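Visitor: For reference, this is final-v8.pdb, and it has PDB, C-alpha atoms, pLDDT in the B column.
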ATOM      1  CA  MET A 871       0.000   0.000   0.000  1.00 55.00           C
ATOM      2  CA  LYS A 872       2.877   2.389   0.690  1.00 56.00           C
ATOM      3  CA  ILE A 873       4.188   1.921  -2.862  1.00 53.00           C
ATOM      4  CA  LEU A 874       0.784   2.926  -4.211  1.00 53.00           C
ATOM      5  CA  LEU A 875       0.604   5.933  -1.880  1.00 54.00           C
ATOM      6  CA  GLY A 876       4.057   7.070  -2.947  1.00 55.00           C
ATOM      7  CA  LEU A 877       3.178   7.081  -6.629  1.00 55.00           C
ATOM      8  CA  ILE A 878      -0.061   8.942  -5.969  1.00 55.00           C
ATOM      9  CA  LEU A 879       1.581  11.639  -3.901  1.00 56.00           C
ATOM     10  CA  CYS A 880       4.411  12.086  -6.381  1.00 57.00           C
ATOM     11  CA  PHE A 881       1.863  13.117  -9.011  1.00 56.00           C
ATOM     12  CA  ILE A 882      -0.354  15.199  -6.756  1.00 57.00           C
ATOM     13  CA  PHE A 883       2.491  17.540  -5.768  1.00 60.00           C
ATOM     14  CA  GLN A 884       3.989  18.008  -9.214  1.00 53.00           C
ATOM     15  CA  GLY A 885       1.930  20.956 -10.421  1.00 48.00           C
ATOM     16  CA  ILE A 886       3.564  23.066 -13.132  1.00 38.00           C
ATOM     17  CA  PHE A 887       2.029  26.123 -14.771  1.00 35.00           C
ATOM     18  CA  LEU A 888       0.469  26.204 -18.200  1.00 37.00           C
ATOM     19  CA  GLU A 889      -1.444  29.234 -19.527  1.00 36.00           C
ATOM     20  CA  SER A 890      -4.952  27.981 -18.759  1.00 38.00           C
ATOM     21  CA  SER A 891      -8.166  28.471 -16.802  1.00 39.00           C
ATOM     22  CA  PHE A 892     -11.082  26.268 -15.765  1.00 38.00           C
ATOM     23  CA  ALA A 893     -13.273  29.256 -14.874  1.00 40.00           C
ATOM     24  CA  LEU A 894     -16.024  28.636 -17.451  1.00 41.00           C
ATOM     25  CA  ASP A 895     -16.637  25.106 -16.196  1.00 55.00           C
ATOM     26  CA  ASP A 896     -15.874  25.729 -12.529  1.00 78.00           C
ATOM     27  CA  SER A 897     -19.387  25.149 -11.143  1.00 86.00           C
ATOM     28  CA  ASN A 898     -19.768  21.906 -13.096  1.00 88.00           C
ATOM     29  CA  VAL A 899     -16.338  20.714 -12.003  1.00 91.00           C
ATOM     30  CA  ARG A 900     -17.089  21.597  -8.380  1.00 92.00           C
ATOM     31  CA  ASN A 901     -20.305  19.553  -8.519  1.00 92.00           C
ATOM     32  CA  PHE A 902     -18.417  16.661 -10.075  1.00 93.00           C
ATOM     33  CA  LEU A 903     -15.759  16.731  -7.343  1.00 95.00           C
ATOM     34  CA  GLU A 904     -18.279  17.022  -4.513  1.00 95.00           C
ATOM     35  CA  ASN A 905     -20.232  14.099  -5.936  1.00 95.00           C
ATOM     36  CA  ARG A 906     -17.089  11.970  -6.056  1.00 96.00           C
ATOM     37  CA  VAL A 907     -16.381  12.692  -2.382  1.00 96.00           C
ATOM     38  CA  ASN A 908     -19.993  12.000  -1.397  1.00 96.00           C
ATOM     39  CA  GLN A 909     -20.011   8.709  -3.312  1.00 95.00           C
ATOM     40  CA  TRP A 910     -16.764   7.445  -1.799  1.00 94.00           C
ATOM     41  CA  PRO A 911     -16.129   4.575  -1.101  1.00 95.00           C
ATOM     42  CA  GLN A 912     -18.858   3.323  -3.480  1.00 95.00           C
ATOM     43  CA  LEU A 913     -17.074   4.598  -6.581  1.00 95.00           C
ATOM     44  CA  TYR A 914     -17.140   3.533 -10.197  1.00 95.00           C
ATOM     45  CA  LEU A 915     -14.462   4.424 -12.739  1.00 93.00           C
ATOM     46  CA  PRO A 916     -14.824   8.212 -13.243  1.00 91.00           C
ATOM     47  CA  ASN A 917     -15.966   9.830 -16.468  1.00 86.00           C
ATOM     48  CA  PHE A 918     -13.967  13.057 -16.761  1.00 84.00           C
ATOM     49  CA  LYS A 919     -16.213  14.880 -19.242  1.00 79.00           C
ATOM     50  CA  LEU A 920     -14.577  18.256 -18.537  1.00 78.00           C
ATOM     51  CA  SER A 921     -11.052  16.894 -18.243  1.00 82.00           C
ATOM     52  CA  ASP A 922      -8.181  18.536 -20.096  1.00 79.00           C
ATOM     53  CA  THR A 923      -4.889  16.812 -19.357  1.00 84.00           C
ATOM     54  CA  SER A 924      -2.930  19.506 -21.184  1.00 81.00           C
ATOM     55  CA  LYS A 925      -3.509  21.676 -18.093  1.00 73.00           C
ATOM     56  CA  ASP A 926      -1.687  20.715 -14.918  1.00 72.00           C
ATOM     57  CA  LEU A 927      -2.360  21.588 -11.283  1.00 82.00           C
ATOM     58  CA  ILE A 928      -2.125  25.128  -9.864  1.00 88.00           C
ATOM     59  CA  TYR A 929      -2.038  25.770  -6.104  1.00 92.00           C
ATOM     60  CA  PRO A 930      -3.468  28.597  -3.930  1.00 94.00           C
ATOM     61  CA  LYS A 931      -0.992  31.328  -2.970  1.00 93.00           C
ATOM     62  CA  TRP A 932      -0.799  30.157   0.644  1.00 94.00           C
ATOM     63  CA  PHE A 933       0.940  26.970  -0.522  1.00 95.00           C
ATOM     64  CA  GLU A 934       4.107  28.948  -1.267  1.00 95.00           C
ATOM     65  CA  GLY A 935       7.193  27.841   0.669  1.00 95.00           C
ATOM     66  CA  ASN A 936       8.579  24.666   2.217  1.00 96.00           C
ATOM     67  CA  TRP A 937       6.354  22.293   4.141  1.00 97.00           C
ATOM     68  CA  LEU A 938       6.672  19.182   6.254  1.00 97.00           C
ATOM     69  CA  VAL A 939       3.805  16.873   5.328  1.00 96.00           C
ATOM     70  CA  THR A 940       2.378  14.111   7.510  1.00 97.00           C
ATOM     71  CA  SER A 941       0.079  11.626   5.784  1.00 95.00           C
ATOM     72  CA  GLN A 942      -1.923   9.304   8.034  1.00 96.00           C
ATOM     73  CA  ASP A 943      -4.035   6.366   6.882  1.00 95.00           C
ATOM     74  CA  ILE A 944      -7.501   7.066   8.339  1.00 95.00           C
ATOM     75  CA  ILE A 945      -8.965   3.643   7.593  1.00 91.00           C
ATOM     76  CA  ASN A 946      -6.031   1.780   9.104  1.00 88.00           C
ATOM     77  CA  ASP A 947      -4.703   4.118  11.779  1.00 82.00           C
ATOM     78  CA  SER A 948      -2.278   1.458  13.007  1.00 88.00           C
ATOM     79  CA  GLU A 949      -0.127   2.267   9.958  1.00 89.00           C
ATOM     80  CA  GLU A 950       2.800   4.562  10.676  1.00 92.00           C
ATOM     81  CA  PRO A 951       2.323   8.022   9.117  1.00 94.00           C
ATOM     82  CA  VAL A 952       4.392   8.927   6.076  1.00 94.00           C
ATOM     83  CA  ILE A 953       6.400  12.138   6.586  1.00 96.00           C
ATOM     84  CA  TYR A 954       8.200  14.096   3.858  1.00 95.00           C
ATOM     85  CA  LYS A 955       9.062  17.625   2.709  1.00 95.00           C
ATOM     86  CA  VAL A 956       7.580  19.463  -0.268  1.00 95.00           C
ATOM     87  CA  ASN A 957       8.215  22.833  -1.883  1.00 93.00           C
ATOM     88  CA  PHE A 958       5.943  25.251  -3.741  1.00 93.00           C
ATOM     89  CA  PHE A 959       7.159  28.455  -5.364  1.00 90.00           C
ATOM     90  CA  LYS A 960       5.949  31.451  -7.356  1.00 89.00           C
ATOM     91  CA  ASN A 961       6.714  31.269 -11.066  1.00 83.00           C
ATOM     92  CA  ASP A 962       7.211  34.112 -13.544  1.00 82.00           C
ATOM     93  CA  SER A 963       3.441  34.395 -14.003  1.00 82.00           C
ATOM     94  CA  ASP A 964       2.889  34.929 -10.252  1.00 88.00           C
ATOM     95  CA  LEU A 965       1.251  31.525  -9.797  1.00 83.00           C
ATOM     96  CA  ILE A 966       2.186  28.934  -7.190  1.00 87.00           C
ATOM     97  CA  VAL A 967       3.535  25.688  -8.602  1.00 81.00           C
ATOM     98  CA  GLY A 968       5.073  22.537  -7.227  1.00 82.00           C
ATOM     99  CA  ASN A 969       8.768  21.745  -7.418  1.00 81.00           C
ATOM    100  CA  ARG A 970       8.513  18.618  -9.546  1.00 75.00           C
ATOM    101  CA  ALA A 971      11.900  16.996  -9.052  1.00 68.00           C
ATOM    102  CA  LYS A 972      12.417  17.962  -5.411  1.00 80.00           C
ATOM    103  CA  ASN A 973       8.945  16.884  -4.288  1.00 85.00           C
ATOM    104  CA  SER A 974       9.070  13.587  -6.153  1.00 79.00           C
ATOM    105  CA  GLU A 975      12.434  12.648  -4.680  1.00 80.00           C
ATOM    106  CA  SER A 976      11.338  13.603  -1.163  1.00 88.00           C
ATOM    107  CA  ILE A 977       8.119  11.612  -1.294  1.00 88.00           C
ATOM    108  CA  GLY A 978       9.798   8.695  -3.038  1.00 87.00           C
ATOM    109  CA  LYS A 979      12.503   8.430  -0.382  1.00 89.00           C
ATOM    110  CA  ALA A 980       9.917   8.546   2.403  1.00 92.00           C
ATOM    111  CA  ILE A 981       7.954   5.708   0.808  1.00 88.00           C
ATOM    112  CA  PHE A 982      10.615   3.490  -0.763  1.00 89.00           C
ATOM    113  CA  GLY A 983      13.773   4.332   1.204  1.00 93.00           C
ATOM    114  CA  ASP A 984      16.911   2.924  -0.385  1.00 93.00           C
ATOM    115  CA  THR A 985      14.785   0.822  -2.741  1.00 93.00           C
ATOM    116  CA  LEU A 986      14.147   3.947  -4.801  1.00 92.00           C
ATOM    117  CA  ILE A 987      16.776   4.604  -7.463  1.00 92.00           C
ATOM    118  CA  LYS A 988      15.315   7.633  -9.247  1.00 89.00           C
ATOM    119  CA  VAL A 989      12.173   9.264 -10.579  1.00 86.00           C
ATOM    120  CA  VAL A 990      12.145  10.489 -14.170  1.00 86.00           C
ATOM    121  CA  ASN A 991       9.607  12.947 -15.584  1.00 85.00           C
ATOM    122  CA  ASP A 992       8.784  12.791 -19.284  1.00 87.00           C
ATOM    123  CA  PRO A 993      10.122  16.051 -20.807  1.00 87.00           C
ATOM    124  CA  GLN A 994       7.487  15.798 -23.547  1.00 88.00           C
ATOM    125  CA  SER A 995       4.445  15.363 -21.307  1.00 86.00           C
ATOM    126  CA  ILE A 996       3.323  16.713 -17.936  1.00 80.00           C
ATOM    127  CA  ASN A 997       1.337  13.508 -17.406  1.00 86.00           C
ATOM    128  CA  ASN A 998       3.996  10.817 -17.597  1.00 89.00           C
ATOM    129  CA  GLN A 999       6.550   9.650 -15.057  1.00 87.00           C
ATOM    130  CA  ILE A1000       8.683   6.575 -14.435  1.00 89.00           C
ATOM    131  CA  THR A1001       9.755   5.412 -10.982  1.00 89.00           C
ATOM    132  CA  TYR A1002      12.845   3.181 -10.988  1.00 92.00           C
ATOM    133  CA  LEU A1003      13.354   0.767  -8.097  1.00 92.00           C
ATOM    134  CA  LYS A1004      15.913  -1.911  -7.335  1.00 93.00           C
ATOM    135  CA  ASP A1005      15.858  -5.408  -8.858  1.00 94.00           C
ATOM    136  CA  ASP A1006      14.910  -4.133 -12.341  1.00 94.00           C
ATOM    137  CA  PHE A1007      11.499  -3.029 -11.070  1.00 93.00           C
ATOM    138  CA  TYR A1008      10.004   0.142 -12.493  1.00 93.00           C
ATOM    139  CA  ILE A1009       6.547   1.712 -12.630  1.00 91.00           C
ATOM    140  CA  ASP A1010       5.281   3.727 -15.571  1.00 92.00           C
ATOM    141  CA  SER A1011       2.559   6.183 -14.483  1.00 91.00           C
ATOM    142  CA  ARG A1012       0.316   8.103 -16.887  1.00 92.00           C
ATOM    143  CA  ILE A1013      -2.435  10.554 -15.925  1.00 91.00           C
ATOM    144  CA  THR A1014      -5.469  10.066 -18.170  1.00 92.00           C
ATOM    145  CA  GLY A1015      -8.033  12.324 -16.461  1.00 92.00           C
ATOM    146  CA  ARG A1016      -7.856  15.513 -14.412  1.00 89.00           C
ATOM    147  CA  ASN A1017     -10.374  17.976 -12.965  1.00 91.00           C
ATOM    148  CA  GLN A1018      -9.641  20.934 -10.684  1.00 90.00           C
ATOM    149  CA  ILE A1019     -11.542  23.975  -9.432  1.00 90.00           C
ATOM    150  CA  GLN A1020      -9.945  27.410  -9.152  1.00 84.00           C
ATOM    151  CA  ASP A1021     -10.573  28.698  -5.618  1.00 89.00           C
ATOM    152  CA  ASP A1022      -8.260  30.750  -3.392  1.00 89.00           C
ATOM    153  CA  ASP A1023      -9.743  29.138  -0.269  1.00 92.00           C
ATOM    154  CA  ILE A1024      -9.234  25.451  -1.129  1.00 94.00           C
ATOM    155  CA  PHE A1025      -7.277  23.102  -3.361  1.00 95.00           C
ATOM    156  CA  PHE A1026      -9.741  20.574  -4.780  1.00 95.00           C
ATOM    157  CA  ALA A1027      -8.792  18.172  -7.581  1.00 92.00           C
ATOM    158  CA  ASP A1028      -9.327  14.675  -8.948  1.00 94.00           C
ATOM    159  CA  GLU A1029      -6.898  12.683 -11.085  1.00 92.00           C
ATOM    160  CA  LEU A1030      -6.948   9.221 -12.654  1.00 94.00           C
ATOM    161  CA  VAL A1031      -3.615   7.479 -13.172  1.00 93.00           C
ATOM    162  CA  ILE A1032      -2.840   4.324 -15.136  1.00 95.00           C
ATOM    163  CA  GLN A1033       0.125   2.569 -13.547  1.00 93.00           C
ATOM    164  CA  THR A1034       2.038  -0.212 -15.264  1.00 95.00           C
ATOM    165  CA  ALA A1035       4.386  -2.086 -12.953  1.00 94.00           C
ATOM    166  CA  HIS A1036       7.219  -3.853 -14.757  1.00 95.00           C
ATOM    167  CA  LYS A1037       9.261  -6.689 -13.325  1.00 92.00           C
ATOM    168  CA  PRO A1038      11.554  -8.995 -15.281  1.00 90.00           C
ATOM    169  CA  GLY A1039       9.238 -11.197 -17.328  1.00 88.00           C
ATOM    170  CA  ALA A1040       5.969  -9.681 -16.094  1.00 90.00           C
ATOM    171  CA  SER A1041       3.873  -6.491 -16.187  1.00 93.00           C
ATOM    172  CA  ARG A1042       0.740  -5.466 -14.323  1.00 93.00           C
ATOM    173  CA  ILE A1043      -1.692  -2.612 -15.050  1.00 94.00           C
ATOM    174  CA  ASN A1044      -3.688  -0.776 -12.420  1.00 94.00           C
ATOM    175  CA  GLN A1045      -5.884   2.354 -12.393  1.00 95.00           C
ATOM    176  CA  VAL A1046      -5.921   4.698  -9.400  1.00 94.00           C
ATOM    177  CA  GLU A1047      -8.144   7.713  -8.742  1.00 95.00           C
ATOM    178  CA  THR A1048      -6.997  10.359  -6.255  1.00 94.00           C
ATOM    179  CA  ILE A1049      -9.390  13.029  -4.946  1.00 96.00           C
ATOM    180  CA  SER A1050      -7.553  15.732  -2.962  1.00 94.00           C
ATOM    181  CA  LYS A1051      -9.128  18.500  -0.894  1.00 96.00           C
ATOM    182  CA  PHE A1052      -6.855  20.845   1.092  1.00 96.00           C
ATOM    183  CA  LYS A1053      -7.528  24.074   3.010  1.00 96.00           C
ATOM    184  CA  LYS A1054      -5.992  26.197   5.749  1.00 95.00           C
ATOM    185  CA  CYS A1055      -6.425  24.552   9.140  1.00 93.00           C
ATOM    186  CA  ASP A1056      -8.854  26.033  11.646  1.00 79.00           C
ATOM    187  CA  LYS A1057      -6.853  28.728  13.481  1.00 64.00           C
ATOM    188  CA  VAL A1058      -9.045  28.421  16.579  1.00 54.00           C
ATOM    189  CA  ASN A1059      -7.671  24.956  17.232  1.00 51.00           C
ATOM    190  CA  LEU A1060      -4.037  25.804  16.507  1.00 51.00           C
ATOM    191  CA  LYS A1061      -1.385  27.516  18.614  1.00 54.00           C
ATOM    192  CA  PHE A1062       1.059  29.560  16.537  1.00 51.00           C
ATOM    193  CA  LYS A1063       2.483  33.039  16.345  1.00 54.00           C
ATOM    194  CA  ASP A1064       0.601  35.718  14.423  1.00 53.00           C
ATOM    195  CA  ASN A1065       3.341  35.949  11.807  1.00 57.00           C
ATOM    196  CA  GLN A1066       3.494  32.206  11.233  1.00 72.00           C
ATOM    197  CA  LYS A1067       1.719  30.725   8.231  1.00 86.00           C
ATOM    198  CA  SER A1068      -1.296  28.586   9.003  1.00 91.00           C
ATOM    199  CA  ASP A1069      -0.968  24.827   8.717  1.00 95.00           C
ATOM    200  CA  ILE A1070      -2.690  23.233   5.751  1.00 97.00           C
ATOM    201  CA  CYS A1071      -5.116  20.390   6.407  1.00 97.00           C
ATOM    202  CA  GLY A1072      -6.709  18.020   3.966  1.00 95.00           C
ATOM    203  CA  VAL A1073      -7.898  14.614   2.905  1.00 97.00           C
ATOM    204  CA  GLN A1074      -7.071  12.365  -0.023  1.00 94.00           C
ATOM    205  CA  TYR A1075      -9.599   9.757  -1.158  1.00 96.00           C
ATOM    206  CA  ILE A1076      -8.035   6.883  -3.093  1.00 95.00           C
ATOM    207  CA  ALA A1077      -9.843   4.356  -5.280  1.00 96.00           C
ATOM    208  CA  THR A1078      -8.191   1.492  -7.149  1.00 95.00           C
ATOM    209  CA  TYR A1079      -9.957   0.013 -10.190  1.00 95.00           C
ATOM    210  CA  GLY A1080      -7.762  -2.738 -11.594  1.00 89.00           C
ATOM    211  CA  SER A1081      -6.828  -3.258 -15.221  1.00 89.00           C
ATOM    212  CA  LYS A1082     -10.098  -2.782 -17.194  1.00 87.00           C
ATOM    213  CA  VAL A1083      -9.114   0.563 -18.707  1.00 84.00           C
ATOM    214  CA  GLY A1084     -12.008   2.793 -19.762  1.00 78.00           C
ATOM    215  CA  ASP A1085     -14.828   0.504 -18.618  1.00 84.00           C
ATOM    216  CA  PRO A1086     -17.333   2.771 -16.776  1.00 82.00           C
ATOM    217  CA  SER A1087     -18.989  -0.223 -15.109  1.00 88.00           C
ATOM    218  CA  VAL A1088     -15.850  -1.071 -13.153  1.00 92.00           C
ATOM    219  CA  HIS A1089     -16.361  -0.641  -9.407  1.00 94.00           C
ATOM    220  CA  ALA A1090     -13.462   0.285  -7.123  1.00 96.00           C
ATOM    221  CA  ILE A1091     -11.798  -2.881  -5.843  1.00 95.00           C
ATOM    222  CA  LYS A1092      -9.989  -1.055  -3.034  1.00 95.00           C
ATOM    223  CA  THR A1093     -10.441   2.315  -1.331  1.00 96.00           C
ATOM    224  CA  ASN A1094      -8.313   4.253   1.132  1.00 94.00           C
ATOM    225  CA  LYS A1095      -8.517   7.606   2.869  1.00 96.00           C
ATOM    226  CA  TYR A1096      -5.608   9.689   4.137  1.00 95.00           C
ATOM    227  CA  GLU A1097      -5.470  12.750   6.375  1.00 97.00           C
ATOM    228  CA  LEU A1098      -2.681  15.164   5.409  1.00 96.00           C
ATOM    229  CA  THR A1099      -1.224  18.010   7.478  1.00 97.00           C
ATOM    230  CA  PHE A1100       1.293  20.542   6.128  1.00 97.00           C
ATOM    231  CA  LYS A1101       3.472  22.436   8.618  1.00 96.00           C
ATOM    232  CA  PHE A1102       5.347  25.480   7.305  1.00 96.00           C
ATOM    233  CA  ILE A1103       9.141  25.200   7.672  1.00 94.00           C
ATOM    234  CA  GLY A1104      10.322  28.297   5.794  1.00 86.00           C
ATOM    235  CA  ASN A1105      10.663  29.997   2.404  1.00 82.00           C
TER     236      ASN A1105
END
Would you mind giving the structure from this file in structure tokens?
Guide:
Amino acid sequence: MKILLGLILCFIFQGIFLESSFALDDSNVRNFLENRVNQWPQLYLPNFKLSDTSKDLIYPKWFEGNWLVTSQDIINDSEEPVIYKVNFFKNDSDLIVGNRAKNSESIGKAIFGDTLIKVVNDPQSINNQITYLKDDFYIDSRITGRNQIQDDDIFFADELVIQTAHKPGASRINQVETISKFKKCDKVNLKFKDNQKSDICGVQYIATYGSKVGDPSVHAIKTNKYELTFKFIGN
């Protein structure tokens, strides 16, 4: 399960900017995302009617900086939390984006440890990535659907990834949906200095669909839910 979580998180935090906007479809996308959350864990393979995978993820301005992230399995709270660092910065267009290479390596090391060799992003596509592990094991991940709302108060997105795991002499395909909803934590329940940035709190809903690519009748064969907390550690 930790291998799956690592691949999911590597994609979620790899936002890069492309000149784009979802504003015209924002209300429809918001309804779609809310419905997915309400339906979880009884999910079927999503139909991303408004998806445009040429547009990657953009983050609210309060994501800027370096963060220590703790991800806790809510369903199985006996699992040790996964802890890693991520970075978000302001690009030339004054939008907050994720540091692709740095975030991927940080999350990968937290999940795989020394088993991880490297993570390679496809220079020709924002949607493709290969994770190389020891013993000639590598995982090819490709995002095939993406929806996101534009809202300064929350980060709310849904992505579908096709993962192909390759071992010597064998390959296995799996489809994973990740619904992410993050916001500033409730200040009333937090103790921090006035000049300190608020923690970020959120949930990720994970659904795994197996290998029947594109079949809308496929029901999730496994679901998980993770609580994430971001603590600001500097610019």
Visitor: Considering only C-alpha atoms, can you say which of A:Tyr914, A:Leu1003, A:Leu1098, A:Ser921 comes closest to Lys1082 (chain A)?
Guide: A:Tyr914
Visitor: Run the PyMOL selection byres ((chain A and resi 1049) around 8) against the file shown and list the residues it catches, as a list in words.
Guide: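 Evaluating the PyMOL selection byres ((chain A and resi 1049) around 8) on this file yields Leu903, Arg906, Val907, Phe1026, Ala1027, Asp1028, Glu1029, Glu1047, Thr1048, Ser1050, Lys1051, Gln1074, Tyr1075 and Ile1076 of chain A.
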Visitor: Point out the residue among A:Gly935, A:Pro916, A:Pro930, A:Gly1084 with the least atom-to-atom distance to Asp1022 (chain A), counting all atoms listed in the file.
Guide: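 Residue with the minimum atom-to-atom distance to Asp1022 (chain A): A:Pro930.
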Visitor: Running the PyMOL selection byres ((chain A and resi 1102) around 12) on this model by hand, what would come out? Give it as a PyMOL selection string.
Guide: chain A and resi 932-940+955-958+1054-1055+1062+1065-1071+1099-1101+1103-1105
Visitor: Take the point (-17.0, -2.2, -13.9) in the file's coordinates, draw a sphere of radius 12 Å around it, and report as a PyMOL selection string every protein, DNA or RNA residue with an atom inside or on it, counting only C-alpha atoms.
Guide: chain A and resi 912-916+1078-1091
Visitor: Using only C-alpha atoms, which residues of region 909-1001 of chain A come within 9 Å of region 1007-1012 of chain A, and what is the closest atom pair for each, with the distance in Å to one decimal? Give it as a tab-separated table, sorted by chain and residue number.
Guide:
residue	atom	partner	partner_atom	distance
A:Asn997	CA	A:Arg1012	CA	5.5
A:Asn998	CA	A:Arg1012	CA	4.6
A:Gln999	CA	A:Ser1011	CA	5.3
A:Ile1000	CA	A:Asp1010	CA	4.6
A:Thr1001	CA	A:Ile1009	CA	5.2
Visitor: Fewer than 4 positions away in the same chain doesn't count, so skip those; otherwise give me all residues within 6 Å of Ile966 (chain A), counting all atoms listed in the file, as a PyMOL selection string.
Guide: chain A and resi 929+931+959-960
Visitor: In Å, with one decimal, what is the gap from CA of Tyr954 (chain A) to CA of Gln1045 (chain A)?
Guide: 24.5 Å
Visitor: Restricting the calculation to all atoms listed in the file, which member of A:Gly1072, A:Tyr1096, A:Asp922, A:Pro911 is positioned closest to Val952 (chain A)?
Guide: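 Closest residue, counting all atoms listed in the file: A:Tyr1096.
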Visitor: If you measure from CA of Ile996 (chain A) to CA of Ile953 (chain A), what distance in Å do you get, rounded to one decimal?
Guide: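 Separating CA of Ile996 (chain A) from CA of Ile953 (chain A) is a distance of 25.1 Å.
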Visitor: From the set A:Pro951, A:Pro993, A:Gly1015, A:Pro1038, which residue has the shortest atom-to-atom contact distance to Asn917 (chain A), counting all atoms listed in the file?
Guide: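 That would be A:Gly1015, the residue with the smallest distance to Asn917 (chain A).
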Visitor: Give me, please, the distance in Å between CA of Val1073 (chain A) and CA of Asn1094 (chain A), quoted to one decimal.
Guide: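 Answer for the CA of Val1073 (chain A) to CA of Asn1094 (chain A) separation: 10.5 Å.
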Visitor: Nearest to Ile1024 (chain A): which of A:Lys1053, A:Lys1095, A:Asn991, A:Gly983 is it, counting all atoms listed in the file?
Guide: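 Using all atoms listed in the file, Ile1024 (chain A) sits closest to A:Lys1053.
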Visitor: When distances are computed from all atoms listed in the file, which of A:Asn1017, A:Gln942, A:Ser897, A:Ser948 shows the smallest separation from Leu920 (chain A)?
Guide: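 Among the listed residues, the smallest separation from Leu920 (chain A) belongs to A:Asn1017.
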Visitor: For this file, the PyMOL selection byres ((chain A and resi 1019) around 7) selects which residues, as a PyMOL selection string?
Guide: chain A and resi 892+896+899-900+1018+1020-1021+1026-1027
